[in-house]
$ cat entry08.cif   # mmCIF, C-alpha atoms
data_coords
#
loop_
_atom_site.label_atom_id
_atom_site.label_comp_id
_atom_site.auth_asym_id
_atom_site.auth_seq_id
_atom_site.Cartn_x
_atom_site.Cartn_y
_atom_site.Cartn_z
CA MET A 1 0.00 0.00 0.00
CA PHE A 2 2.85 2.39 0.86
CA PHE A 3 4.49 1.57 -2.49
CA ARG A 4 1.32 2.44 -4.41
CA ALA A 5 0.89 5.73 -2.54
CA LYS A 6 4.52 6.67 -3.16
CA ARG A 7 4.24 5.81 -6.86
CA ALA A 8 1.04 7.89 -7.17
CA MET A 9 2.78 10.87 -5.59
CA ARG A 10 5.73 10.54 -7.95
CA ARG A 11 3.43 10.27 -10.94
CA THR A 12 1.56 13.42 -9.86
CA TRP A 13 4.88 15.27 -9.51
CA PHE A 14 5.98 14.00 -12.93
CA ASN A 15 2.73 15.10 -14.58
CA LEU A 16 2.93 18.52 -12.94
CA ASN A 17 6.46 19.08 -14.23
CA CYS A 18 5.52 17.89 -17.71
CA ARG A 19 2.43 20.05 -18.18
CA PRO A 20 4.33 22.30 -20.65
CA LEU A 21 3.85 19.38 -23.08
CA LEU A 22 0.23 20.48 -23.35
CA GLN A 23 1.47 23.68 -25.04
CA THR A 24 3.04 21.73 -27.92
CA ALA A 25 1.41 21.42 -31.32
CA PRO A 26 -0.99 18.58 -32.15
CA ILE A 27 0.10 15.77 -34.46
CA HIS A 28 -1.82 14.71 -37.56
CA THR A 29 -1.95 11.25 -39.12
CA ASN A 30 -0.13 11.04 -42.45
CA ASP A 31 0.43 7.28 -42.76
CA SER A 32 -2.66 5.08 -42.53
CA SER A 33 -0.68 1.96 -43.46
CA LEU A 34 0.64 1.92 -39.88
CA SER A 35 -1.25 1.82 -36.58
CA LEU A 36 0.04 2.83 -33.14
CA VAL A 37 -1.84 1.06 -30.34
CA THR A 38 -1.75 1.70 -26.58
CA MET A 39 -3.92 0.64 -23.66
CA LEU A 40 -4.30 3.76 -21.53
CA CYS A 41 -5.45 4.49 -17.99
CA HIS A 42 -6.41 7.70 -16.22
CA GLY A 43 -3.40 9.39 -14.69
CA GLU A 44 -1.04 8.52 -17.54
CA VAL A 45 -2.38 10.83 -20.25
CA ILE A 46 0.60 13.20 -20.18
CA MET A 47 2.98 10.24 -20.11
CA TYR A 48 1.12 8.79 -23.09
CA LEU A 49 1.32 11.99 -25.12
CA LEU A 50 5.05 12.12 -24.41
CA ALA A 51 5.41 8.54 -25.59
CA VAL A 52 3.47 9.08 -28.82
CA LYS A 53 4.90 12.49 -29.74
CA SER A 54 8.49 11.45 -29.06
CA PHE A 55 8.02 8.24 -31.06
CA CYS A 56 6.43 9.97 -34.06
CA ARG A 57 9.12 12.67 -34.01
CA GLN A 58 11.86 10.07 -34.44
CA LEU A 59 9.82 7.86 -36.78
CA GLY A 60 9.33 10.78 -39.15
CA ARG A 61 5.61 10.14 -39.70
CA VAL A 62 2.37 9.92 -37.78
CA PRO A 63 0.49 6.60 -37.92
CA SER A 64 -3.18 6.01 -37.27
CA VAL A 65 -3.33 6.26 -33.48
CA VAL A 66 -5.55 3.95 -31.43
CA ILE A 67 -6.18 4.01 -27.68
CA LEU A 68 -7.73 1.13 -25.80
CA ASP A 69 -9.51 2.79 -22.88
CA ASP A 70 -9.05 0.47 -19.89
CA GLY A 71 -12.28 1.85 -18.43
CA SER A 72 -10.74 4.57 -16.28
CA LEU A 73 -10.43 7.45 -18.76
CA THR A 74 -12.53 10.52 -18.00
CA PRO A 75 -14.23 12.98 -20.39
CA ASP A 76 -11.36 15.39 -19.68
CA ASP A 77 -8.86 12.67 -20.64
CA TYR A 78 -10.71 12.15 -23.92
CA ALA A 79 -10.67 15.90 -24.62
CA THR A 80 -6.95 16.16 -23.90
CA VAL A 81 -5.84 13.34 -26.18
CA LYS A 82 -8.17 14.49 -28.97
CA ALA A 83 -6.78 18.01 -28.74
CA HIS A 84 -3.27 16.68 -29.35
CA ILE A 85 -4.12 13.82 -31.73
CA PRO A 86 -7.30 14.97 -33.52
CA ALA A 87 -7.74 11.79 -35.59
CA ILE A 88 -7.26 9.45 -32.64
CA LYS A 89 -9.55 6.45 -32.32
CA ILE A 90 -10.55 5.55 -28.75
CA ILE A 91 -11.94 2.06 -28.16
CA PRO A 92 -13.61 1.11 -24.85
CA ILE A 93 -12.17 -2.12 -23.49
CA ALA A 94 -15.66 -3.61 -23.16
CA SER A 95 -16.12 -3.39 -26.94
CA VAL A 96 -13.25 -5.78 -27.70
CA LEU A 97 -14.79 -9.11 -28.65
CA PRO A 98 -13.79 -11.89 -26.23
CA ALA A 99 -11.86 -15.00 -27.21
CA GLN A 100 -10.82 -18.34 -25.72
CA CYS A 101 -8.15 -16.82 -23.50
CA PRO A 102 -7.94 -14.99 -20.15
CA LYS A 103 -9.58 -11.62 -19.61
CA GLY A 104 -7.87 -8.50 -18.30
CA SER A 105 -4.10 -8.09 -17.81
CA CYS A 106 -3.65 -6.66 -21.34
CA TRP A 107 -5.32 -9.58 -23.14
CA GLU A 108 -7.88 -7.24 -24.71
CA ARG A 109 -4.98 -5.20 -26.08
CA LEU A 110 -3.48 -8.21 -27.81
CA LEU A 111 -6.88 -9.22 -29.19
CA LEU A 112 -7.46 -5.71 -30.50
CA ILE A 113 -4.05 -5.81 -32.20
CA SER A 114 -4.89 -9.21 -33.72
CA ASP A 115 -7.89 -7.54 -35.39
CA ILE A 116 -6.12 -4.36 -36.55
CA VAL A 117 -3.05 -6.18 -37.86
CA GLN A 118 -5.12 -7.76 -40.62
CA ASP A 119 -5.10 -4.39 -42.39
CA THR A 120 -2.02 -2.48 -41.18
CA TYR A 121 1.34 -2.90 -39.55
CA VAL A 122 0.85 -2.39 -35.79
CA VAL A 123 3.25 -0.91 -33.25
CA GLN A 124 2.28 -1.44 -29.60
CA ILE A 125 3.79 1.22 -27.38
CA ASP A 126 3.30 1.59 -23.64
CA SER A 127 2.55 5.01 -22.19
CA ASP A 128 5.67 4.87 -19.97
CA THR A 129 8.14 4.99 -22.86
CA LEU A 130 10.26 7.68 -24.47
CA THR A 131 11.94 7.75 -27.86
CA LEU A 132 15.09 9.82 -27.43
CA SER A 133 16.93 9.53 -30.74
CA SER A 134 17.14 7.63 -34.03
CA ILE A 135 15.16 4.38 -34.29
CA LYS A 136 16.34 3.25 -37.71
CA GLU A 137 15.94 -0.42 -36.84
CA VAL A 138 12.25 0.13 -36.11
CA GLN A 139 11.81 2.14 -39.31
CA ASP A 140 13.45 -0.67 -41.29
CA CYS A 141 11.22 -3.32 -39.69
CA ILE A 142 8.08 -1.36 -40.55
CA THR A 143 9.23 -0.81 -44.14
CA ALA A 144 10.07 -4.51 -44.56
CA ASN A 145 6.83 -5.62 -42.81
CA ARG A 146 8.94 -7.40 -40.21
CA SER A 147 7.80 -7.93 -36.60
CA PHE A 148 10.03 -6.79 -33.74
CA THR A 149 10.21 -6.80 -29.96
CA LEU A 150 11.92 -4.94 -27.18
CA MET A 151 13.90 -7.45 -25.12
CA GLY A 152 13.40 -8.34 -21.48
CA ASP A 153 16.00 -7.24 -18.96
CA ARG A 154 19.26 -9.16 -19.61
CA SER A 155 17.36 -11.59 -21.85
CA PHE A 156 19.07 -13.86 -24.36
CA PRO A 157 19.12 -11.46 -27.32
CA GLU A 158 17.83 -13.74 -30.06
CA ILE A 159 14.83 -15.74 -31.16
CA GLU A 160 15.55 -19.41 -30.47
CA SER A 161 13.89 -22.78 -30.50
CA MET A 162 11.63 -23.62 -27.59
CA ALA A 163 14.00 -26.46 -26.73
CA SER A 164 16.92 -24.04 -26.39
CA ALA A 165 14.84 -21.63 -24.32
CA ASN A 166 13.68 -24.45 -22.09
CA ALA A 167 17.26 -25.57 -21.45
CA ARG A 168 18.26 -21.98 -20.72
CA TYR A 169 15.57 -21.44 -18.09
CA ALA A 170 15.09 -24.99 -16.79
CA ASP A 171 16.65 -24.30 -13.41
CA SER A 172 14.62 -21.17 -12.68
CA THR A 173 12.54 -21.23 -9.50
CA ASN A 174 10.82 -17.91 -10.22
CA PRO A 175 7.08 -18.28 -9.50
CA MET A 176 5.97 -15.79 -12.18
CA VAL A 177 3.85 -17.21 -14.97
CA GLN A 178 6.47 -16.47 -17.64
CA ALA A 179 9.14 -18.46 -15.79
CA VAL A 180 6.72 -21.32 -15.14
CA CYS A 181 6.01 -21.58 -18.87
CA GLU A 182 9.66 -21.29 -19.92
CA ARG A 183 10.85 -24.13 -17.70
CA SER A 184 7.90 -26.28 -18.82
CA PHE A 185 8.21 -26.02 -22.62
CA ASN A 186 9.62 -29.55 -22.73
CA GLN A 187 6.26 -30.89 -21.55
CA LEU A 188 4.61 -29.79 -24.79
CA PRO A 189 4.94 -31.99 -27.91
CA GLU A 190 4.22 -28.91 -30.05
CA SER A 191 7.37 -27.22 -28.77
CA ALA A 192 9.51 -29.18 -31.23
CA ASN A 193 8.24 -26.98 -34.05
CA LEU A 194 7.99 -23.64 -32.25
CA LYS A 195 10.29 -20.74 -31.37
CA TYR A 196 10.48 -18.39 -28.41
CA VAL A 197 11.87 -15.00 -27.47
CA ARG A 198 11.95 -13.46 -24.00
CA GLY A 199 10.70 -10.07 -25.11
CA ASN A 200 8.95 -7.18 -23.43
CA ALA A 201 5.43 -6.37 -24.61
CA GLY A 202 5.92 -2.69 -23.74
CA PHE A 203 7.22 -2.04 -27.26
CA THR A 204 6.46 -4.45 -30.07
CA GLY A 205 5.84 -4.39 -33.81
CA PHE A 206 3.52 -6.79 -35.59
CA ALA A 207 3.84 -7.28 -39.33
CA LYS A 208 0.67 -6.77 -41.33
CA GLY A 209 -1.20 -10.08 -41.62
CA SER A 210 1.26 -11.85 -39.30
CA PHE A 211 -1.26 -13.34 -36.89
CA GLY A 212 -4.90 -13.38 -35.84
CA ARG A 213 -7.15 -14.42 -33.01
CA GLN A 214 -6.68 -18.08 -33.92
CA GLN A 215 -2.97 -17.88 -33.08
CA VAL A 216 -3.69 -16.03 -29.82
CA GLU A 217 -6.12 -18.74 -28.78
CA PHE A 218 -3.72 -21.50 -29.85
CA PHE A 219 -0.83 -20.18 -27.76
CA SER A 220 -3.13 -19.47 -24.82
CA GLU A 221 -4.45 -23.02 -24.81
CA LEU A 222 -0.94 -24.41 -25.22
CA MET A 223 0.55 -22.51 -22.29
CA SER A 224 -2.46 -23.05 -20.04
CA ARG A 225 -1.64 -26.77 -20.11
CA VAL A 226 1.60 -26.18 -18.20
CA ALA A 227 0.78 -22.97 -16.32
CA LYS A 228 -2.59 -24.28 -15.08
CA GLU A 229 -4.40 -21.69 -12.92
CA LYS A 230 -1.40 -19.32 -13.10
CA TRP A 231 -2.26 -18.67 -16.73
CA ASN A 232 -4.88 -16.20 -15.52
CA GLU A 233 -2.22 -14.12 -13.76
CA TRP A 234 -0.53 -10.93 -14.95
CA GLY A 235 2.21 -11.74 -17.46
CA SER A 236 0.49 -14.43 -19.49
CA GLU A 237 -0.34 -11.93 -22.25
CA GLN A 238 3.36 -11.06 -22.57
CA VAL A 239 4.24 -14.74 -22.93
CA THR A 240 1.71 -14.97 -25.76
CA SER A 241 3.05 -11.81 -27.39
CA ASN A 242 6.54 -13.33 -27.24
CA LEU A 243 5.32 -16.52 -28.88
CA VAL A 244 3.41 -14.69 -31.61
CA ILE A 245 6.46 -12.61 -32.54
CA ALA A 246 8.98 -15.46 -32.30
CA ASN A 247 6.91 -17.59 -34.66
CA THR A 248 6.46 -14.82 -37.20
CA GLU A 249 8.74 -15.04 -40.24
CA ALA A 250 11.92 -12.92 -40.03
CA ALA A 251 11.02 -11.32 -36.68
CA TYR A 252 13.67 -9.00 -35.21
CA THR A 253 14.96 -8.40 -31.69
CA LEU A 254 15.85 -4.81 -30.81
CA SER A 255 19.40 -4.56 -29.54
CA PHE A 256 20.47 -3.60 -26.02
CA PRO A 257 21.36 -0.95 -24.90
CA LYS A 258 19.94 1.11 -27.74
CA TYR A 259 16.49 -0.23 -26.86
CA LEU A 260 15.86 -1.18 -23.25
CA SER A 261 13.82 -0.93 -20.09
CA HIS A 262 14.91 1.34 -17.25
CA TRP A 263 15.78 -0.96 -14.34
CA ALA A 264 18.15 1.69 -12.91
CA HIS A 265 21.17 -0.62 -13.23
CA SER A 266 24.35 1.13 -12.10
CA ASP A 267 26.37 -0.46 -14.93
CA VAL A 268 24.08 0.75 -17.76
CA ASN A 269 24.52 4.16 -19.38
CA TYR A 270 20.93 5.02 -20.20
CA GLU A 271 22.06 8.26 -21.83
CA GLN A 272 23.18 6.26 -24.88
CA SER A 273 19.77 4.66 -25.45
CA SER A 274 17.40 5.63 -28.24
CA PHE A 275 14.27 4.08 -26.74
CA ILE A 276 13.54 3.49 -23.06
CA HIS A 277 10.64 1.74 -21.36
CA PHE A 278 10.38 3.24 -17.88
CA ILE A 279 9.13 0.08 -16.25
CA GLY A 280 6.92 0.42 -13.17
CA PRO A 281 9.13 -0.45 -10.18
CA PHE A 282 11.97 1.81 -11.35
CA ARG A 283 10.04 4.34 -13.44
CA PHE A 284 11.04 7.38 -11.41
CA ALA A 285 14.36 6.12 -10.02
CA ASN A 286 17.27 8.59 -10.26
CA GLY A 287 15.07 11.24 -11.86
CA PHE A 288 16.12 10.10 -15.35
CA TYR A 289 12.56 9.79 -16.69
CA LEU A 290 11.70 13.38 -15.81
CA LYS A 291 15.02 14.72 -17.06
CA SER A 292 14.55 12.94 -20.39
CA ALA A 293 10.93 14.07 -20.65
CA LYS A 294 11.91 17.71 -20.17
CA ARG A 295 14.44 17.42 -23.00
CA ILE A 296 11.78 16.02 -25.30
CA ILE A 297 9.26 18.72 -24.37
CA ALA A 298 11.85 21.41 -25.11
CA ALA A 299 12.55 19.81 -28.51
CA LEU A 300 8.84 19.57 -29.32
CA LYS A 301 8.28 23.20 -28.38
CA SER A 302 11.14 24.36 -30.59
#
$ encode --input "entry08.cif" --output "structure tokens"
Amino acid sequence: MFFRAKRAMRRTWFNLNCRPLLQTAPIHTNDSSLSLVTMLCHGEVIMYLLAVKSFCRQLGRVPSVVILDDGSLTPDDYATVKAHIPAIKIIPIASVLPAQCPKGSCWERLLLISDIVQDTYVVQIDSDTLTLSSIKEVQDCITANRSFTLMGDRSFPEIESMASANARYADSTNPMVQAVCERSFNQLPESANLKYVRGNAGFTGFAKGSFGRQQVEFFSELMSRVAKEKWNEWGSEQVTSNLVIANTEAAYTLSFPKYLSHWAHSDVNYEQSSFIHFIGPFRFANGFYLKSAKRIIAALKS
């Protein structure tokens, strides 16, 4: 409870310091062949606008922008995002058609992407991200219709067979659903023909036509066999995202440290990164998120 209160206070302070972002110019879609999807909650609207504007600035174009409202957005939130992204499409989470997979914990986001990706390339970007400099690798993936993923912290930096991943993580005792699945791949006969990547769903690209709801349901059913009741816990959607991307032709892993999550490691120079996911537990550590956000706001205003 203390952690949540402290995080809320830090987020309020961050939003207060970043309010000058609201004085920057709106962005207008100029590339409908690409969609930018985010699930958004109340309290992270300024963070979200920072994420989208900084990404589009480095991408050099503005995709069709889609928000999945997690149910907490207010009328004022709607007005704010529409003022800055006039063509934005906001989808209530309750309107996403269900499937044979868990509910909540970002599953509706993945299902929404599985629908949109039939017609456009889709980039999923979390609201707690910043794009600081050139993202040529992402631009190249989009142009080549090639899926990509941000990597997990200190993850093996390649897509590999499930057998290799299983051997790599077999000795893990971590109780999280992702670790349970990884050390149990060898229990699945289907694993002989599948690949895996330990990615981070906070920043992912899905090639147009690369997957659909059928694949989401297939991987969900597959992993639920080994994860059992844990499959309904937070993190199962990321496992599925990892499997979807790994089993997409020519998928690409974004290299560390150019693309990474901010775990506030003392041996990582985050100043050299182009894209940073300011992951929850360490989002505001060392003040680097706010410092980086202020730089981006200054650049957007100029």
$ closest_atom_pairs --input "entry08.cif" --of "region 75-190 of chain A" --to "region 47-67 of chain A" --cutoff "8 Å" --atoms "all atoms listed in the file" --output "JSON lines"
{"residue": "A:Val81", "atom": "CA", "partner": "A:Leu49", "partner_atom": "CA", "distance": 7.4}
{"residue": "A:His84", "atom": "CA", "partner": "A:Leu49", "partner_atom": "CA", "distance": 7.8}
{"residue": "A:Ile85", "atom": "CA", "partner": "A:Val65", "partner_atom": "CA", "distance": 7.8}
{"residue": "A:Ala87", "atom": "CA", "partner": "A:Val65", "partner_atom": "CA", "distance": 7.4}
{"residue": "A:Ile88", "atom": "CA", "partner": "A:Val65", "partner_atom": "CA", "distance": 5.1}
{"residue": "A:Lys89", "atom": "CA", "partner": "A:Val66", "partner_atom": "CA", "distance": 4.8}
{"residue": "A:Ile90", "atom": "CA", "partner": "A:Ile67", "partner_atom": "CA", "distance": 4.8}
{"residue": "A:Ile91", "atom": "CA", "partner": "A:Ile67", "partner_atom": "CA", "distance": 6.1}
{"residue": "A:Ile125", "atom": "CA", "partner": "A:Ala51", "partner_atom": "CA", "distance": 7.7}
{"residue": "A:Asp126", "atom": "CA", "partner": "A:Ala51", "partner_atom": "CA", "distance": 7.5}
{"residue": "A:Ser127", "atom": "CA", "partner": "A:Tyr48", "partner_atom": "CA", "distance": 4.1}
{"residue": "A:Asp128", "atom": "CA", "partner": "A:Met47", "partner_atom": "CA", "distance": 6.0}
{"residue": "A:Thr129", "atom": "CA", "partner": "A:Ala51", "partner_atom": "CA", "distance": 5.2}
{"residue": "A:Leu130", "atom": "CA", "partner": "A:Ala51", "partner_atom": "CA", "distance": 5.1}
{"residue": "A:Thr131", "atom": "CA", "partner": "A:Phe55", "partner_atom": "CA", "distance": 5.1}
{"residue": "A:Leu132", "atom": "CA", "partner": "A:Ser54", "partner_atom": "CA", "distance": 7.0}
{"residue": "A:Ser133", "atom": "CA", "partner": "A:Gln58", "partner_atom": "CA", "distance": 6.3}
{"residue": "A:Ser134", "atom": "CA", "partner": "A:Gln58", "partner_atom": "CA", "distance": 5.8}
{"residue": "A:Ile135", "atom": "CA", "partner": "A:Gln58", "partner_atom": "CA", "distance": 6.6}
{"residue": "A:Gln139", "atom": "CA", "partner": "A:Leu59", "partner_atom": "CA", "distance": 6.6}
$ resolve_selection --input "entry08.cif" --expression "the PyMOL selection byres ((chain A and resi 18) around 9)" --output "PyMOL selection string"
chain A and resi 13-17+19-22+46-47+50+290+293-294+297
$ write_last_selection --input "entry08.cif" --atoms "C-alpha atoms" --output "JSON list (two decimals), in the frame of the given file"
[["chain", "number", "residue", "atom", "x", "y", "z"],
["A", 13, "TRP", "CA", 4.88, 15.27, -9.51],
["A", 14, "PHE", "CA", 5.98, 14.00, -12.93],
["A", 15, "ASN", "CA", 2.73, 15.10, -14.58],
["A", 16, "LEU", "CA", 2.93, 18.52, -12.94],
["A", 17, "ASN", "CA", 6.46, 19.08, -14.23],
["A", 19, "ARG", "CA", 2.43, 20.05, -18.18],
["A", 20, "PRO", "CA", 4.33, 22.30, -20.65],
["A", 21, "LEU", "CA", 3.85, 19.38, -23.08],
["A", 22, "LEU", "CA", 0.23, 20.48, -23.35],
["A", 46, "ILE", "CA", 0.60, 13.20, -20.18],
["A", 47, "MET", "CA", 2.98, 10.24, -20.11],
["A", 50, "LEU", "CA", 5.05, 12.12, -24.41],
["A", 290, "LEU", "CA", 11.70, 13.38, -15.81],
["A", 293, "ALA", "CA", 10.93, 14.07, -20.65],
["A", 294, "LYS", "CA", 11.91, 17.71, -20.17],
["A", 297, "ILE", "CA", 9.26, 18.72, -24.37]]
$ closest_atom_pairs --input "entry08.cif" --of "region 169-270 of chain A" --to "region 105-115 of chain A" --cutoff "7 Å" --atoms "all atoms listed in the file" --output "tab-separated table"
residue	atom	partner	partner_atom	distance
A:Phe211	CA	A:Ser114	CA	6.3
A:Gly212	CA	A:Ser114	CA	4.7
A:Arg213	CA	A:Ser114	CA	5.7
A:Trp234	CA	A:Ser105	CA	5.4
A:Glu237	CA	A:Trp107	CA	5.6
$ residues_near_point --input "entry08.cif" --point "(3.4, 0.8, -12.6)" --cutoff "12 Å" --atoms "all atoms listed in the file" --output "ChimeraX atom specification"
/A:3-8,10-11,41,43-44,126-128,202,277-284
$ closest_residue --input "entry08.cif" --among "A:Leu40, A:Val45, A:Ser32, A:Ala83" --to "Thr12 (chain A)" --atoms "only C-alpha atoms"
A:Val45
$ closest_residue --input "entry08.cif" --among "A:Asn145, A:Lys258, A:Tyr270, A:Ala163" --to "Pro189 (chain A)" --atoms "all atoms listed in the file"
A:Ala163
$ resolve_selection --input "entry08.cif" --expression "the PyMOL selection byres ((chain A and resi 208) around 12)" --output "JSON, numbers by chain"
{"A": [33, 34, 35, 113, 114, 115, 116, 117, 118, 119, 120, 121, 122, 123, 141, 142, 143, 144, 145, 146, 147, 205, 206, 207, 209, 210, 211, 212, 248, 249]}
$ closest_residue --input "entry08.cif" --among "A:Thr74, A:Asn242, A:Asn286, A:Gln23" --to "Ser302 (chain A)" --atoms "all atoms listed in the file"
A:Gln23
$ decode --input "entry08.cif" --residues "region 198-216 of chain A" --atoms "N, CA and C atoms" --output "mmCIF file, in the first residue's frame"
data_model
loop_
_atom_site.group_PDB
_atom_site.id
_atom_site.type_symbol
_atom_site.label_atom_id
_atom_site.label_comp_id
_atom_site.auth_asym_id
_atom_site.auth_seq_id
_atom_site.Cartn_x
_atom_site.Cartn_y
_atom_site.Cartn_z
ATOM 1 N N ARG A 198 12.331 -14.087 -25.262
ATOM 2 C CA ARG A 198 11.949 -13.456 -23.997
ATOM 3 C C ARG A 198 11.934 -11.949 -24.214
ATOM 4 N N GLY A 199 10.846 -11.477 -24.787
ATOM 5 C CA GLY A 199 10.696 -10.067 -25.108
ATOM 6 C C GLY A 199 9.947 -9.303 -24.028
ATOM 7 N N ASN A 200 9.698 -8.048 -24.317
ATOM 8 C CA ASN A 200 8.946 -7.176 -23.428
ATOM 9 C C ASN A 200 7.819 -6.556 -24.242
ATOM 10 N N ALA A 201 6.589 -6.817 -23.838
ATOM 11 C CA ALA A 201 5.428 -6.369 -24.610
ATOM 12 C C ALA A 201 5.209 -4.869 -24.553
ATOM 13 N N GLY A 202 6.063 -4.140 -23.819
ATOM 14 C CA GLY A 202 5.920 -2.692 -23.740
ATOM 15 C C GLY A 202 6.216 -1.970 -25.043
ATOM 16 N N PHE A 203 6.927 -2.646 -25.954
ATOM 17 C CA PHE A 203 7.225 -2.045 -27.260
ATOM 18 C C PHE A 203 7.423 -3.180 -28.254
ATOM 19 N N THR A 204 6.442 -3.342 -29.122
ATOM 20 C CA THR A 204 6.458 -4.449 -30.067
ATOM 21 C C THR A 204 5.913 -3.991 -31.411
ATOM 22 N N GLY A 205 6.362 -4.652 -32.470
ATOM 23 C CA GLY A 205 5.845 -4.388 -33.806
ATOM 24 C C GLY A 205 5.316 -5.676 -34.403
ATOM 25 N N PHE A 206 4.150 -5.607 -35.008
ATOM 26 C CA PHE A 206 3.522 -6.791 -35.588
ATOM 27 C C PHE A 206 3.314 -6.573 -37.087
ATOM 28 N N ALA A 207 3.948 -7.399 -37.886
ATOM 29 C CA ALA A 207 3.836 -7.279 -39.335
ATOM 30 C C ALA A 207 2.390 -7.451 -39.780
ATOM 31 N N LYS A 208 2.017 -6.681 -40.788
ATOM 32 C CA LYS A 208 0.666 -6.767 -41.333
ATOM 33 C C LYS A 208 0.360 -8.203 -41.738
ATOM 34 N N GLY A 209 -0.771 -8.725 -41.265
ATOM 35 C CA GLY A 209 -1.196 -10.075 -41.619
ATOM 36 C C GLY A 209 -0.426 -11.184 -40.921
ATOM 37 N N SER A 210 0.368 -10.851 -39.902
ATOM 38 C CA SER A 210 1.264 -11.846 -39.301
ATOM 39 C C SER A 210 0.568 -12.824 -38.367
ATOM 40 N N PHE A 211 -0.553 -12.427 -37.784
ATOM 41 C CA PHE A 211 -1.264 -13.342 -36.895
ATOM 42 C C PHE A 211 -2.703 -12.894 -36.741
ATOM 43 N N GLY A 212 -3.501 -13.710 -36.087
ATOM 44 C CA GLY A 212 -4.896 -13.378 -35.838
ATOM 45 C C GLY A 212 -5.345 -13.989 -34.520
ATOM 46 N N ARG A 213 -6.613 -13.893 -34.256
ATOM 47 C CA ARG A 213 -7.149 -14.424 -33.007
ATOM 48 C C ARG A 213 -6.906 -15.929 -32.865
ATOM 49 N N GLN A 214 -6.892 -16.634 -33.984
ATOM 50 C CA GLN A 214 -6.675 -18.079 -33.923
ATOM 51 C C GLN A 214 -5.331 -18.406 -33.292
ATOM 52 N N GLN A 215 -4.287 -17.639 -33.661
ATOM 53 C CA GLN A 215 -2.967 -17.878 -33.080
ATOM 54 C C GLN A 215 -2.943 -17.514 -31.597
ATOM 55 N N VAL A 216 -3.627 -16.416 -31.229
ATOM 56 C CA VAL A 216 -3.693 -16.027 -29.822
ATOM 57 C C VAL A 216 -4.334 -17.143 -29.003
#
